[in-house]
Structures are given as structure tokens and as C-alpha cells.
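**Q** If it helps, the file is called coords34.cif and holds mmCIF, C-alpha atoms and all ligand atoms:
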data_input
#
loop_
_atom_site.group_PDB
_atom_site.id
_atom_site.type_symbol
_atom_site.label_atom_id
_atom_site.label_comp_id
_atom_site.auth_asym_id
_atom_site.auth_seq_id
_atom_site.Cartn_x
_atom_site.Cartn_y
_atom_site.Cartn_z
ATOM 1 C CA MET A 1 88.883 -29.657 111.165
ATOM 2 C CA ARG A 2 92.505 -28.706 110.915
ATOM 3 C CA ALA A 3 93.664 -30.745 113.873
ATOM 4 C CA ARG A 4 96.579 -32.298 112.058
ATOM 5 C CA LEU A 5 97.642 -29.084 110.388
ATOM 6 C CA ILE A 6 97.554 -27.268 113.705
ATOM 7 C CA ALA A 7 99.443 -30.020 115.507
ATOM 8 C CA LEU A 8 102.163 -29.944 112.876
ATOM 9 C CA SER A 9 102.393 -26.169 112.838
ATOM 10 C CA ILE A 10 102.562 -25.938 116.598
ATOM 11 C CA VAL A 11 105.147 -28.679 116.842
ATOM 12 C CA ALA A 12 107.186 -26.905 114.206
ATOM 13 C CA ALA A 13 106.785 -23.599 115.990
ATOM 14 C CA LEU A 14 107.569 -24.753 119.486
ATOM 15 C CA GLY A 15 110.067 -27.512 118.868
ATOM 16 C CA GLY A 16 110.530 -30.954 120.308
ATOM 17 C CA THR A 17 108.806 -30.621 123.680
ATOM 18 C CA LEU A 18 105.370 -30.599 122.108
ATOM 19 C CA ALA A 19 106.200 -33.406 119.700
ATOM 20 C CA VAL A 20 105.507 -35.861 122.527
ATOM 21 C CA ALA A 21 102.235 -34.110 123.304
ATOM 22 C CA GLY A 22 101.401 -34.232 119.596
ATOM 23 C CA VAL A 23 101.660 -38.014 119.641
ATOM 24 C CA VAL A 24 99.671 -38.455 122.839
ATOM 25 C CA GLY A 25 97.205 -35.733 121.942
ATOM 26 C CA PHE A 26 95.202 -33.398 124.132
ATOM 27 C CA ALA A 27 91.513 -33.578 124.879
ATOM 28 C CA THR A 28 89.678 -31.119 122.615
ATOM 29 C CA THR A 29 88.678 -29.108 125.652
ATOM 30 C CA SER A 30 89.024 -29.471 129.407
ATOM 31 C CA HIS A 31 85.480 -28.055 129.704
ATOM 32 C CA GLU A 32 83.261 -30.507 131.592
ATOM 33 C CA ALA A 33 80.728 -32.699 129.754
ATOM 34 C CA ARG A 34 77.692 -34.658 130.930
ATOM 35 C CA LYS A 35 74.700 -36.415 129.382
ATOM 36 C CA SER A 36 72.064 -34.106 127.934
ATOM 37 C CA SER A 37 68.739 -33.949 129.742
ATOM 38 C CA LEU A 38 67.202 -32.523 126.550
ATOM 39 C CA GLY A 39 66.230 -34.939 123.781
ATOM 40 C CA VAL A 40 64.931 -38.505 123.560
ATOM 41 C CA ALA A 41 66.712 -41.319 121.715
ATOM 42 C CA ARG A 42 64.376 -42.774 119.101
ATOM 43 C CA PRO A 43 64.867 -45.130 116.146
ATOM 44 C CA ALA A 44 65.550 -43.155 112.968
ATOM 45 C CA ALA A 45 62.550 -44.963 111.455
ATOM 46 C CA ASP A 46 60.382 -42.706 113.635
ATOM 47 C CA LEU A 47 61.831 -39.760 111.755
ATOM 48 C CA LEU A 48 60.696 -41.225 108.445
ATOM 49 C CA ALA A 49 57.122 -41.360 109.729
ATOM 50 C CA VAL A 50 57.018 -37.548 110.102
ATOM 51 C CA LEU A 51 59.629 -36.450 107.554
ATOM 52 C CA ASP A 52 57.203 -35.272 104.905
ATOM 53 C CA GLN A 53 54.754 -33.548 107.229
ATOM 54 C CA PRO A 54 55.088 -29.750 107.316
ATOM 55 C CA GLY A 55 57.289 -28.720 110.232
ATOM 56 C CA PRO A 56 56.899 -25.909 112.779
ATOM 57 C CA VAL A 57 60.465 -24.574 112.728
ATOM 58 C CA GLU A 58 61.801 -21.512 110.939
ATOM 59 C CA LEU A 59 65.328 -22.091 109.741
ATOM 60 C CA GLU A 60 67.809 -19.423 108.668
ATOM 61 C CA THR A 61 71.357 -20.118 107.483
ATOM 62 C CA VAL A 62 73.746 -17.212 108.071
ATOM 63 C CA VAL A 63 77.112 -16.864 106.320
ATOM 64 C CA SER A 64 79.285 -15.584 109.138
ATOM 65 C CA ALA A 65 82.583 -15.523 107.218
ATOM 66 C CA ASP A 66 84.275 -16.337 103.927
ATOM 67 C CA TRP A 67 87.455 -18.350 104.224
ATOM 68 C CA ALA A 68 89.816 -20.612 102.289
ATOM 69 C CA VAL A 69 91.604 -23.792 103.364
ATOM 70 C CA GLU A 70 93.525 -26.543 101.640
ATOM 71 C CA ARG A 71 91.348 -28.780 99.516
ATOM 72 C CA GLY A 72 93.072 -31.993 100.620
ATOM 73 C CA GLY A 73 91.655 -31.528 104.113
ATOM 74 C CA LEU A 74 88.125 -31.157 102.780
ATOM 75 C CA ILE A 75 88.056 -33.750 100.001
ATOM 76 C CA ASN A 76 89.841 -37.104 99.802
ATOM 77 C CA LEU A 77 92.119 -36.305 96.858
ATOM 78 C CA ASP A 78 93.241 -39.964 96.666
ATOM 79 C CA HIS A 79 89.703 -41.029 95.744
ATOM 80 C CA PRO A 80 89.621 -42.215 92.084
ATOM 81 C CA THR A 81 86.879 -39.697 91.231
ATOM 82 C CA ALA A 82 88.922 -36.816 92.666
ATOM 83 C CA LYS A 83 91.986 -38.004 90.766
ATOM 84 C CA ALA A 84 90.039 -38.338 87.538
ATOM 85 C CA ALA A 85 88.751 -34.794 88.011
ATOM 86 C CA GLY A 86 92.348 -33.592 88.428
ATOM 87 C CA LEU A 87 91.694 -31.962 91.814
ATOM 88 C CA LYS A 88 94.837 -30.499 93.357
ATOM 89 C CA ASN A 89 95.672 -29.533 96.912
ATOM 90 C CA GLU A 90 95.071 -25.827 96.391
ATOM 91 C CA ASP A 91 93.084 -23.324 98.427
ATOM 92 C CA GLU A 92 89.363 -24.129 98.367
ATOM 93 C CA PRO A 93 87.013 -21.193 99.027
ATOM 94 C CA ILE A 94 84.696 -22.047 101.906
ATOM 95 C CA GLN A 95 82.342 -20.329 104.330
ATOM 96 C CA VAL A 96 81.726 -20.488 108.064
ATOM 97 C CA PHE A 97 78.019 -20.713 108.911
ATOM 98 C CA PHE A 98 75.632 -20.753 111.751
ATOM 99 C CA HIS A 99 72.012 -21.864 111.380
ATOM 100 C CA ALA A 100 69.214 -20.301 113.410
ATOM 101 C CA ILE A 101 66.345 -22.527 114.516
ATOM 102 C CA ARG A 102 63.210 -20.701 115.643
ATOM 103 C CA HIS A 103 60.812 -23.076 117.337
ATOM 104 C CA PRO A 104 57.374 -21.594 118.137
ATOM 105 C CA GLU A 105 57.395 -22.905 121.745
ATOM 106 C CA LYS A 106 60.997 -23.797 122.540
ATOM 107 C CA GLY A 107 62.590 -20.567 121.323
ATOM 108 C CA LEU A 108 65.753 -19.643 119.450
ATOM 109 C CA PHE A 109 68.628 -22.095 119.000
ATOM 110 C CA ILE A 110 71.664 -22.073 116.713
ATOM 111 C CA VAL A 111 73.522 -24.923 115.037
ATOM 112 C CA ASP A 112 77.275 -24.173 115.174
ATOM 113 C CA THR A 113 78.447 -20.655 115.892
ATOM 114 C CA GLY A 114 79.978 -18.815 112.929
ATOM 115 C CA VAL A 115 82.666 -16.400 114.122
ATOM 116 C CA GLU A 116 82.905 -14.002 117.046
ATOM 117 C CA LYS A 117 83.004 -10.220 116.717
ATOM 118 C CA ALA A 118 86.526 -9.957 118.087
ATOM 119 C CA LEU A 119 87.924 -11.938 115.154
ATOM 120 C CA ARG A 120 87.027 -8.952 112.997
ATOM 121 C CA ASP A 121 87.472 -6.069 115.440
ATOM 122 C CA ALA A 122 90.295 -7.100 117.788
ATOM 123 C CA PRO A 123 91.736 -10.526 116.884
ATOM 124 C CA GLU A 124 94.207 -10.426 119.774
ATOM 125 C CA GLN A 125 91.205 -10.387 122.153
ATOM 126 C CA SER A 126 89.550 -13.365 120.462
ATOM 127 C CA ALA A 127 89.206 -16.730 122.219
ATOM 128 C CA MET A 128 91.403 -18.090 119.427
ATOM 129 C CA SER A 129 95.048 -17.705 120.388
ATOM 130 C CA GLY A 130 97.545 -16.099 118.028
ATOM 131 C CA LEU A 131 99.114 -19.504 117.449
ATOM 132 C CA VAL A 132 95.771 -21.028 116.469
ATOM 133 C CA ARG A 133 94.864 -18.054 114.269
ATOM 134 C CA SER A 134 98.108 -18.349 112.408
ATOM 135 C CA ALA A 135 98.046 -22.186 112.154
ATOM 136 C CA MET A 136 94.494 -22.031 110.821
ATOM 137 C CA GLN A 137 95.392 -19.189 108.449
ATOM 138 C CA MET A 138 92.645 -17.018 109.849
ATOM 139 C CA GLU A 139 94.162 -14.038 108.034
ATOM 140 C CA LYS A 140 92.244 -15.481 105.069
ATOM 141 C CA LEU A 141 89.001 -15.220 107.023
ATOM 142 C CA LYS A 142 86.719 -12.395 105.879
ATOM 143 C CA VAL A 143 84.132 -11.775 108.583
ATOM 144 C CA LEU A 144 80.691 -10.953 107.157
ATOM 145 C CA ALA A 145 78.229 -11.460 110.042
ATOM 146 C CA PRO A 146 79.725 -12.005 113.485
ATOM 147 C CA LEU A 147 77.461 -14.020 115.777
ATOM 148 C CA GLY A 148 77.419 -11.343 118.498
ATOM 149 C CA GLU A 149 76.054 -8.643 116.164
ATOM 150 C CA TRP A 150 73.380 -10.993 114.863
ATOM 151 C CA LEU A 151 72.340 -12.080 118.363
ATOM 152 C CA ALA A 152 72.031 -8.451 119.491
ATOM 153 C CA LYS A 153 69.324 -7.920 116.831
ATOM 154 C CA GLN A 154 67.182 -10.895 117.878
ATOM 155 C CA PRO A 155 63.982 -10.214 119.807
ATOM 156 C CA ARG A 156 64.329 -13.511 121.696
ATOM 157 C CA PRO A 157 67.213 -14.710 123.879
ATOM 158 C CA LEU A 158 69.327 -17.616 122.674
ATOM 159 C CA ALA A 159 68.064 -20.804 124.328
ATOM 160 C CA GLY A 160 70.906 -23.111 123.314
ATOM 161 C CA VAL A 161 73.664 -24.071 120.868
ATOM 162 C CA PHE A 162 73.663 -27.380 118.961
ATOM 163 C CA LEU A 163 77.147 -28.277 117.714
ATOM 164 C CA THR A 164 77.851 -30.555 114.764
ATOM 165 C CA HIS A 165 81.256 -31.206 116.367
ATOM 166 C CA LEU A 166 83.896 -29.527 118.457
ATOM 167 C CA HIS A 167 86.485 -28.525 115.876
ATOM 168 C CA LEU A 168 87.736 -24.999 116.428
ATOM 169 C CA ASP A 169 86.201 -23.527 113.274
ATOM 170 C CA HIS A 170 82.761 -24.575 114.570
ATOM 171 C CA ILE A 171 83.203 -22.781 117.892
ATOM 172 C CA THR A 172 84.885 -19.637 116.529
ATOM 173 C CA GLY A 173 81.679 -17.747 117.391
ATOM 174 C CA MET A 174 81.191 -19.326 120.826
ATOM 175 C CA ALA A 175 82.756 -16.399 122.703
ATOM 176 C CA ASP A 176 79.754 -14.287 121.551
ATOM 177 C CA VAL A 177 77.275 -16.777 123.061
ATOM 178 C CA PRO A 178 76.050 -15.418 126.411
ATOM 179 C CA GLY A 179 77.389 -17.173 129.511
ATOM 180 C CA GLY A 180 75.009 -19.754 130.943
ATOM 181 C CA THR A 181 73.658 -20.773 127.517
ATOM 182 C CA PRO A 182 73.518 -24.582 127.247
ATOM 183 C CA VAL A 183 75.729 -26.144 124.560
ATOM 184 C CA TYR A 184 74.946 -29.577 123.079
ATOM 185 C CA THR A 185 77.336 -31.946 121.258
ATOM 186 C CA GLY A 186 77.599 -35.571 120.222
ATOM 187 C CA PRO A 187 79.121 -38.048 122.677
ATOM 188 C CA GLY A 188 82.864 -38.021 123.316
ATOM 189 C CA GLU A 189 83.582 -34.734 121.566
ATOM 190 C CA ALA A 190 85.144 -32.943 124.528
ATOM 191 C CA SER A 191 87.334 -35.858 125.564
ATOM 192 C CA ALA A 192 88.321 -36.972 122.041
ATOM 193 C CA ARG A 193 92.092 -37.120 122.023
ATOM 194 C CA MET A 194 93.140 -35.791 118.704
ATOM 195 C CA LEU A 195 96.370 -34.581 117.265
ATOM 196 C CA LEU A 196 95.350 -31.303 118.760
ATOM 197 C CA ASN A 197 97.652 -29.219 120.853
ATOM 198 C CA ALA A 198 97.756 -27.267 124.069
ATOM 199 C CA ALA A 199 97.093 -24.039 122.170
ATOM 200 C CA GLY A 200 93.997 -25.534 120.559
ATOM 201 C CA GLN A 201 92.686 -26.738 123.897
ATOM 202 C CA GLY A 202 93.298 -23.340 125.464
ATOM 203 C CA SER A 203 91.353 -21.644 122.665
ATOM 204 C CA ALA A 204 88.437 -24.103 122.966
ATOM 205 C CA ASP A 205 88.403 -23.619 126.748
ATOM 206 C CA ARG A 206 88.324 -19.832 126.380
ATOM 207 C CA ALA A 207 85.504 -20.044 123.813
ATOM 208 C CA LEU A 208 83.445 -22.197 126.223
ATOM 209 C CA LYS A 209 84.233 -20.183 129.341
ATOM 210 C CA GLY A 210 81.097 -19.272 131.313
ATOM 211 C CA LYS A 211 78.945 -21.934 129.657
ATOM 212 C CA PRO A 212 77.492 -24.877 131.609
ATOM 213 C CA ALA A 213 79.069 -28.321 131.199
ATOM 214 C CA LEU A 214 78.642 -29.537 127.604
ATOM 215 C CA SER A 215 75.464 -31.590 127.195
ATOM 216 C CA GLU A 216 76.097 -34.726 125.124
ATOM 217 C CA TRP A 217 73.265 -36.272 123.079
ATOM 218 C CA THR A 218 72.424 -39.700 124.484
ATOM 219 C CA TYR A 219 72.146 -41.772 121.336
ATOM 220 C CA SER A 220 71.203 -45.417 121.594
ATOM 221 C CA HIS A 221 73.274 -47.301 119.052
ATOM 222 C CA GLU A 222 71.316 -48.655 116.078
ATOM 223 C CA ALA A 223 73.353 -51.429 114.470
ATOM 224 C CA ALA A 224 71.421 -51.547 111.205
ATOM 225 C CA GLY A 225 69.764 -48.145 111.465
ATOM 226 C CA LEU A 226 69.642 -45.318 108.965
ATOM 227 C CA PHE A 227 72.262 -43.644 111.167
ATOM 228 C CA GLU A 228 74.274 -44.817 114.187
ATOM 229 C CA GLY A 229 71.646 -43.242 116.379
ATOM 230 C CA ALA A 230 69.022 -40.504 116.486
ATOM 231 C CA VAL A 231 67.708 -38.107 119.111
ATOM 232 C CA ASP A 232 64.384 -36.285 118.869
ATOM 233 C CA ILE A 233 65.560 -33.048 120.456
ATOM 234 C CA PHE A 234 62.290 -31.416 121.521
ATOM 235 C CA GLY A 235 60.239 -34.620 121.721
ATOM 236 C CA ASP A 236 57.855 -33.365 119.012
ATOM 237 C CA GLY A 237 59.704 -34.749 115.981
ATOM 238 C CA SER A 238 60.607 -31.264 114.695
ATOM 239 C CA VAL A 239 64.413 -31.284 115.089
ATOM 240 C CA TRP A 240 66.600 -34.400 115.128
ATOM 241 C CA ALA A 241 70.228 -34.983 116.041
ATOM 242 C CA LEU A 242 71.674 -37.763 113.863
ATOM 243 C CA TRP A 243 74.859 -39.530 114.936
ATOM 244 C CA VAL A 244 77.282 -39.683 111.997
ATOM 245 C CA PRO A 245 80.691 -40.435 113.551
ATOM 246 C CA GLY A 246 83.984 -40.450 111.678
ATOM 247 C CA HIS A 247 85.042 -36.844 111.131
ATOM 248 C CA THR A 248 85.040 -36.783 114.948
ATOM 249 C CA PRO A 249 83.661 -39.454 117.335
ATOM 250 C CA GLY A 250 80.503 -37.513 118.157
ATOM 251 C CA SER A 251 79.892 -35.852 114.781
ATOM 252 C CA THR A 252 76.208 -34.992 114.502
ATOM 253 C CA ALA A 253 74.045 -33.950 111.564
ATOM 254 C CA TYR A 254 70.733 -32.180 112.209
ATOM 255 C CA LEU A 255 67.452 -32.775 110.441
ATOM 256 C CA VAL A 256 65.156 -29.780 110.777
ATOM 257 C CA ARG A 257 61.494 -30.028 109.764
ATOM 258 C CA SER A 258 61.155 -26.419 108.726
ATOM 259 C CA THR A 259 58.110 -24.485 107.571
ATOM 260 C CA LYS A 260 59.620 -24.752 104.061
ATOM 261 C CA GLY A 261 60.243 -28.505 104.233
ATOM 262 C CA PRO A 262 62.866 -30.822 105.686
ATOM 263 C CA VAL A 263 66.484 -29.576 105.799
ATOM 264 C CA LEU A 264 69.540 -31.731 106.517
ATOM 265 C CA LEU A 265 72.534 -29.918 108.044
ATOM 266 C CA LEU A 266 75.499 -32.195 107.373
ATOM 267 C CA GLY A 267 78.203 -30.497 109.409
ATOM 268 C CA ASP A 268 81.611 -31.742 108.319
ATOM 269 C CA ALA A 269 80.311 -35.179 107.307
ATOM 270 C CA SER A 270 80.743 -33.371 103.968
ATOM 271 C CA HIS A 271 82.490 -30.005 103.957
ATOM 272 C CA THR A 272 82.062 -29.364 100.233
ATOM 273 C CA ARG A 273 79.344 -29.350 97.609
ATOM 274 C CA TRP A 274 81.687 -31.052 95.108
ATOM 275 C CA GLY A 275 82.451 -33.921 97.511
ATOM 276 C CA TRP A 276 78.768 -34.428 98.292
ATOM 277 C CA GLU A 277 77.675 -34.390 94.660
ATOM 278 C CA HIS A 278 80.512 -36.627 93.436
ATOM 279 C CA ASP A 279 80.310 -39.163 96.254
ATOM 280 C CA VAL A 280 83.801 -38.325 97.536
ATOM 281 C CA GLU A 281 84.217 -38.251 101.295
ATOM 282 C CA PRO A 282 86.202 -35.650 103.301
ATOM 283 C CA GLY A 283 90.011 -35.681 103.372
ATOM 284 C CA THR A 284 92.784 -35.318 105.911
ATOM 285 C CA PHE A 285 90.950 -33.150 108.461
ATOM 286 C CA THR A 286 88.909 -36.240 109.333
ATOM 287 C CA ALA A 287 89.934 -38.361 112.327
ATOM 288 C CA ASP A 288 88.589 -41.782 111.289
ATOM 289 C CA GLY A 289 88.514 -42.149 107.494
ATOM 290 C CA PRO A 290 86.730 -45.534 107.170
ATOM 291 C CA ARG A 291 84.090 -44.635 109.765
ATOM 292 C CA SER A 292 83.486 -41.292 108.068
ATOM 293 C CA VAL A 293 82.933 -43.087 104.740
ATOM 294 C CA GLU A 294 80.252 -45.256 106.404
ATOM 295 C CA SER A 295 78.451 -42.202 107.797
ATOM 296 C CA PHE A 296 78.840 -40.323 104.489
ATOM 297 C CA LYS A 297 77.237 -43.225 102.605
ATOM 298 C CA LYS A 298 74.350 -43.432 105.076
ATOM 299 C CA LEU A 299 73.677 -39.707 104.688
ATOM 300 C CA ARG A 300 73.830 -39.920 100.888
ATOM 301 C CA ALA A 301 71.483 -42.918 100.866
ATOM 302 C CA PHE A 302 69.034 -41.018 103.077
ATOM 303 C CA ALA A 303 69.186 -37.937 100.822
ATOM 304 C CA ALA A 304 68.778 -40.073 97.669
ATOM 305 C CA ALA A 305 65.699 -41.800 99.135
ATOM 306 C CA HIS A 306 64.165 -38.429 100.107
ATOM 307 C CA PRO A 307 64.902 -35.946 97.302
ATOM 308 C CA ASN A 308 62.618 -33.366 98.917
ATOM 309 C CA VAL A 309 65.189 -32.920 101.717
ATOM 310 C CA ASP A 310 67.248 -29.729 101.272
ATOM 311 C CA VAL A 311 70.858 -30.722 102.012
ATOM 312 C CA ARG A 312 73.295 -28.114 103.381
ATOM 313 C CA VAL A 313 76.962 -29.158 103.412
ATOM 314 C CA GLY A 314 79.352 -28.049 106.151
ATOM 315 C CA HIS A 315 81.230 -25.187 104.539
ATOM 316 C CA GLN A 316 79.695 -24.329 101.165
ATOM 317 C CA HIS A 317 76.348 -23.531 99.616
HETATM 318 ZN ZN ZN B 1 85.578 -30.191 111.326
#
So, in terms of C-alpha cells, how does the structure I just supplied come out?
Ligand SMILES: [Zn+2]
**A**
Amino acid sequence: MRARLIALSIVAALGGTLAVAGVVGFATTSHEARKSSLGVARPAADLLAVLDQPGPVELETVVSADWAVERGGLINLDHPTAKAAGLKNEDEPIQVFFHAIRHPEKGLFIVDTGVEKALRDAPEQSAMSGLVRSAMQMEKLKVLAPLGEWLAKQPRPLAGVFLTHLHLDHITGMADVPGGTPVYTGPGEASARMLLNAAGQGSADRALKGKPALSEWTYSHEAAGLFEGAVDIFGDGSVWALWVPGHTPGSTAYLVRSTKGPVLLLGDASHTRWGWEHDVEPGTFTADGPRSVESFKKLRAFAAAHPNVDVRVGHQH
């Protein structure tokens, strides 16, 4: 989510040669991507038909780390509501999560990855390069529950990783994911050319090393749908990938029909609780502002129409 910040920092650090690369941009990762064989595209209306039925999935949200980043990246400070509230571009306390999905037949999956053990124990051995760690101010990151430690305590193996998007702070735990584990993203995430840099790509590549080619959800575009598209991941209506582009081209929210009711995992379609509750979209970390506003409004309309849905924002409780 700090693509621009990183690009600027790296350009400043390395001088003019990378300035050209900064303009052209690098693919997020050079890791291969192909269409997912898991999941069926269905109209989001099909989700509404089952939304209020009790679901089979156990869902657990784990706070992997506390962190702080600049508020202007997370919340559009130029929005009249943000201005009226007097919000300034100061450090905003945030958290880095992963969400465990336990499906009775399909097994254990996680949404996003938290942070890897090495970020706490031996940062220089982390998949995140020193340049990335310093550009992303990871010295402010307080690791609480590294993914690797948590995985080691699980009775079941990890069957797959569902990503909300491919920004570095959502794959900071990926190095702890066992090799061979399938990783799923929205379309175009790997190849998205952002103001990201060679160091960012190297870190993403290292985090994904040993994993199969990324599996991209095959949404079919719904022009007037609740979302741009929807995929029923297991084919039983229990977990849905919802296409909400803008923050990144393939940004995906997940709707989980848990044993305790429906839960909507927004990813960075809204990083903050304040932004979500005050109808103010994300700020400068977002690639396509207008498109992100569209997705944000669709998500808010969905949540307003279904107040029983428990909404979890990207980086706060
Ligand atoms: Zn992000």
C-alpha cells in the first residue's frame, strides 16, 4: 500500500538511474500467474440468496503485528469530511492481520499473511529487503504473532492462501507459508505496473519463492452487479471472493459465511475504521482513486443493506 512512498524513497536513495524505472514502473512480482482452477464465477445475487443462512466456516482473525503509517495514505485527507474533522497527515496506528478460515471439508486457508517470523527474529534474513524495510518504516512494526509460529500450532496443514491484493504489507508473512501451498489473488495483481521499484519486486519474489504460480480468480464482469464480479470459492456458497478494484486492479474482498454469521473482509478497500464509518475512501496508497471510490461505495451499500454482516476493515479493528 506504500507503493508511491517506496518508489520515492528508493529513487531518493539510489539516485537518477531508478527515476526512469519509477516512471515506467515494475511489475509487482515476476512470479508467474495463471487462472485459478478453484472457484466458480457466479452473480453476486446468488450470494444474497444464502447470505443469512448459517455458514459452515470457522473464522479467526489474528493480529500479527502492530504498526503505524502516515494517515494520508490510508484516508483521503482532501475529502470534505476529513477536512472538517481536522485530520492531519500524522502517524496512524494500524495492525497487520491474517484471517484463518477453517472449512469442515476443504481444510485450513488464510486470507492475507500477517508477518513472517524473521521480521521479529532476524530482519536481515526476511524476504523484505533492507531498502523495503526502511522505506516502509518497518522499525515501527511490533510483531505479536508471526504466521510461522501460528501455523506450527495448527493440527491441519495449510491448504491455501487467499490474498486481498499483492501489496507488500499483505505478503509480509508469505515467507512462512510452506512451499507448494497455492496462493490466490484477483486478476492482474502480479503484472500490475505500479510505481513500485526493483527492490519491492525482489522482496515480493522472495516472499513467493517455492510457491506455485499465483492463481487468479476468474471473475465474470457484472456491469450493474453488487460488485464488479464474484467467485464462489468452494462451490458451496460458504466463502466468496468479491472483485472490488481500485486500490489495486485485482483488489478482492472476501465474504465468509461463518458459524457466527456472515463476515466481510474488506482488505484495503478501506484500511481504517474511521474512513469506513465516515464514508471517506482510502488516500494516496491507492492506485486508482475514482475506481476505488466506486468499489468503496458498493461495499458500503452492501453493508448498509445487510446490517447483520460483521465488517472487518483492512488494518484496524
Ligand atoms: Zn494495500
**Q** Please identify all protein, DNA and RNA residues within 9 Å of ligand ZN 1 (chain B), counting all atoms listed in the file, and report them as an MDAnalysis selection string.
**A** chainID A and resid 1:3 74 164:170 247:248 251 267:269 271 285:286 314
**Q** What does the distance from CA of Leu226 (chain A) to CA of Arg102 (chain A) come to in Å, to one decimal?
**A** 26.3 Å
**Q** Go through region 223-300 of chain A residue by residue and, counting all atoms listed in the file, keep those with an atom at most 9 Å from region 79-93 of chain A; for each kept residue give the shortest atom pair and its distance in Å to one decimal, ordered by chain and increasing number, as a tab-separated table.
**A**
residue	atom	partner	partner_atom	distance
A:Gly275	CA	A:Ala82	CA	8.6
A:His278	CA	A:Thr81	CA	7.4
A:Asp279	CA	A:Thr81	CA	8.3
A:Val280	CA	A:His79	CA	6.7
A:Glu281	CA	A:His79	CA	8.3
**Q** Which residues of region 33-130 of chain A come within 10 Å of region 179-185 of chain A, and what is each one's closest atom pair and distance in Å (one decimal), counting all atoms listed in the file, sorted by chain and residue number, as CSV?
**A**
residue,atom,partner,partner_atom,distance
A:Ala33,CA,A:Thr185,CA,9.2
A:Arg34,CA,A:Tyr184,CA,9.7
A:Lys35,CA,A:Tyr184,CA,9.3
A:Ser36,CA,A:Tyr184,CA,7.2
A:Leu38,CA,A:Tyr184,CA,9.0
A:Phe109,CA,A:Val183,CA,9.9
A:Ile110,CA,A:Val183,CA,9.7
A:Val111,CA,A:Tyr184,CA,9.4
A:Asp112,CA,A:Val183,CA,9.7
**Q** Just to confirm, what's the straight-line distance from CA of Val256 (chain A) to CA of Trp67 (chain A) in Å (one decimal)?
**A**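 CA of Val256 (chain A) sits 25.9 Å away from CA of Trp67 (chain A).
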**Q** Please indicate the distance in Å from CA of Ala27 (chain A) to CA of Ala213 (chain A), rounded to one decimal place.
**A** 14.9 Å
**Q** Excluding same-chain residues fewer than 2 positions from region 138-143 of chain A, what lies within 8 Å of it counting only C-alpha atoms, as a PyMOL selection string?
**A** chain A and resi 64-68+115+119-120+133-136+145-146
**Q** Produce the centre coordinates and the three edge lengths, each in Å to one decimal, of the box along x, y and z that contains all listed atoms of region 268-272 of chain A with 5 Å added on each side, as lines of an AutoDock Vina configuration file.
**A**
center_x = 81.4
center_y = -32.3
center_z = 104.3
size_x = 12.2
size_y = 15.8
size_z = 18.1
**Q** Name every residue that the PyMOL selection byres (((chain A and resi 47) around 12) and not hetatm) selects in this structure, writing the answer as an MDAnalysis selection string with chains first and numbers rising.
**A** chainID A and resid 41:46 48:53 225:227 229:233 235:242 254:257 262 302 306
**Q** Given the file shown, determine the residues that the PyMOL selection byres (((chain A and resi 151) around 12) and not hetatm) selects; report them as a count of residues only.
**A** 30
**Q** My list of candidates is A:Gly283, A:Pro104, A:Gly39, A:Gly72. Which is closest to Thr259 (chain A) when distances are computed with only C-alpha atoms?
**A**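 The shortest atom-to-atom distance to Thr259 (chain A) comes from A:Pro104.
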**Q** Given only C-alpha atoms as the basis, pick out the residue of A:Glu70, A:Asp205, A:Glu105, A:Glu60 nearest to Ser30 (chain A).
**A** A:Asp205
**Q** If we count all atoms listed in the file, what is near Ser295 (chain A) at a cut-off of 9 Å, once residues fewer than 6 positions away on the same chain are taken out, given as a VMD selection string?
**A** chain A and resid 227 to 228 243 to 246 269
**Q** Please list as a list in words every residue within 6 Å of region 121-132 of chain A, counting all atoms listed in the file and excluding residues in the same chain fewer than 5 positions away.
**A**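 Those residues are Ser203, Arg206 and Ala207 of chain A.
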**Q** Of the candidates A:Ile94, A:His221, A:Ala192, A:Asn76, which one gets nearest to Pro290 (chain A) if we count all atoms listed in the file?
**A** A:Asn76
**Q** In terms of the shortest atom-to-atom distance over only C-alpha atoms, which of A:Ser215, A:Thr28, A:Gln316, A:Ser258 is closest to Val63 (chain A)?
**A**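 Between A:Ser215, A:Thr28, A:Gln316, A:Ser258, the residue approaching Val63 (chain A) most closely is A:Gln316.
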**Q** For Ala190 (chain A), which residue out of A:Phe97, A:Arg300, A:Pro282, A:Gly250 is the nearest one, using only C-alpha atoms?
**A**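 Looking at the shortest contact to Ala190 (chain A), the residue is A:Gly250.
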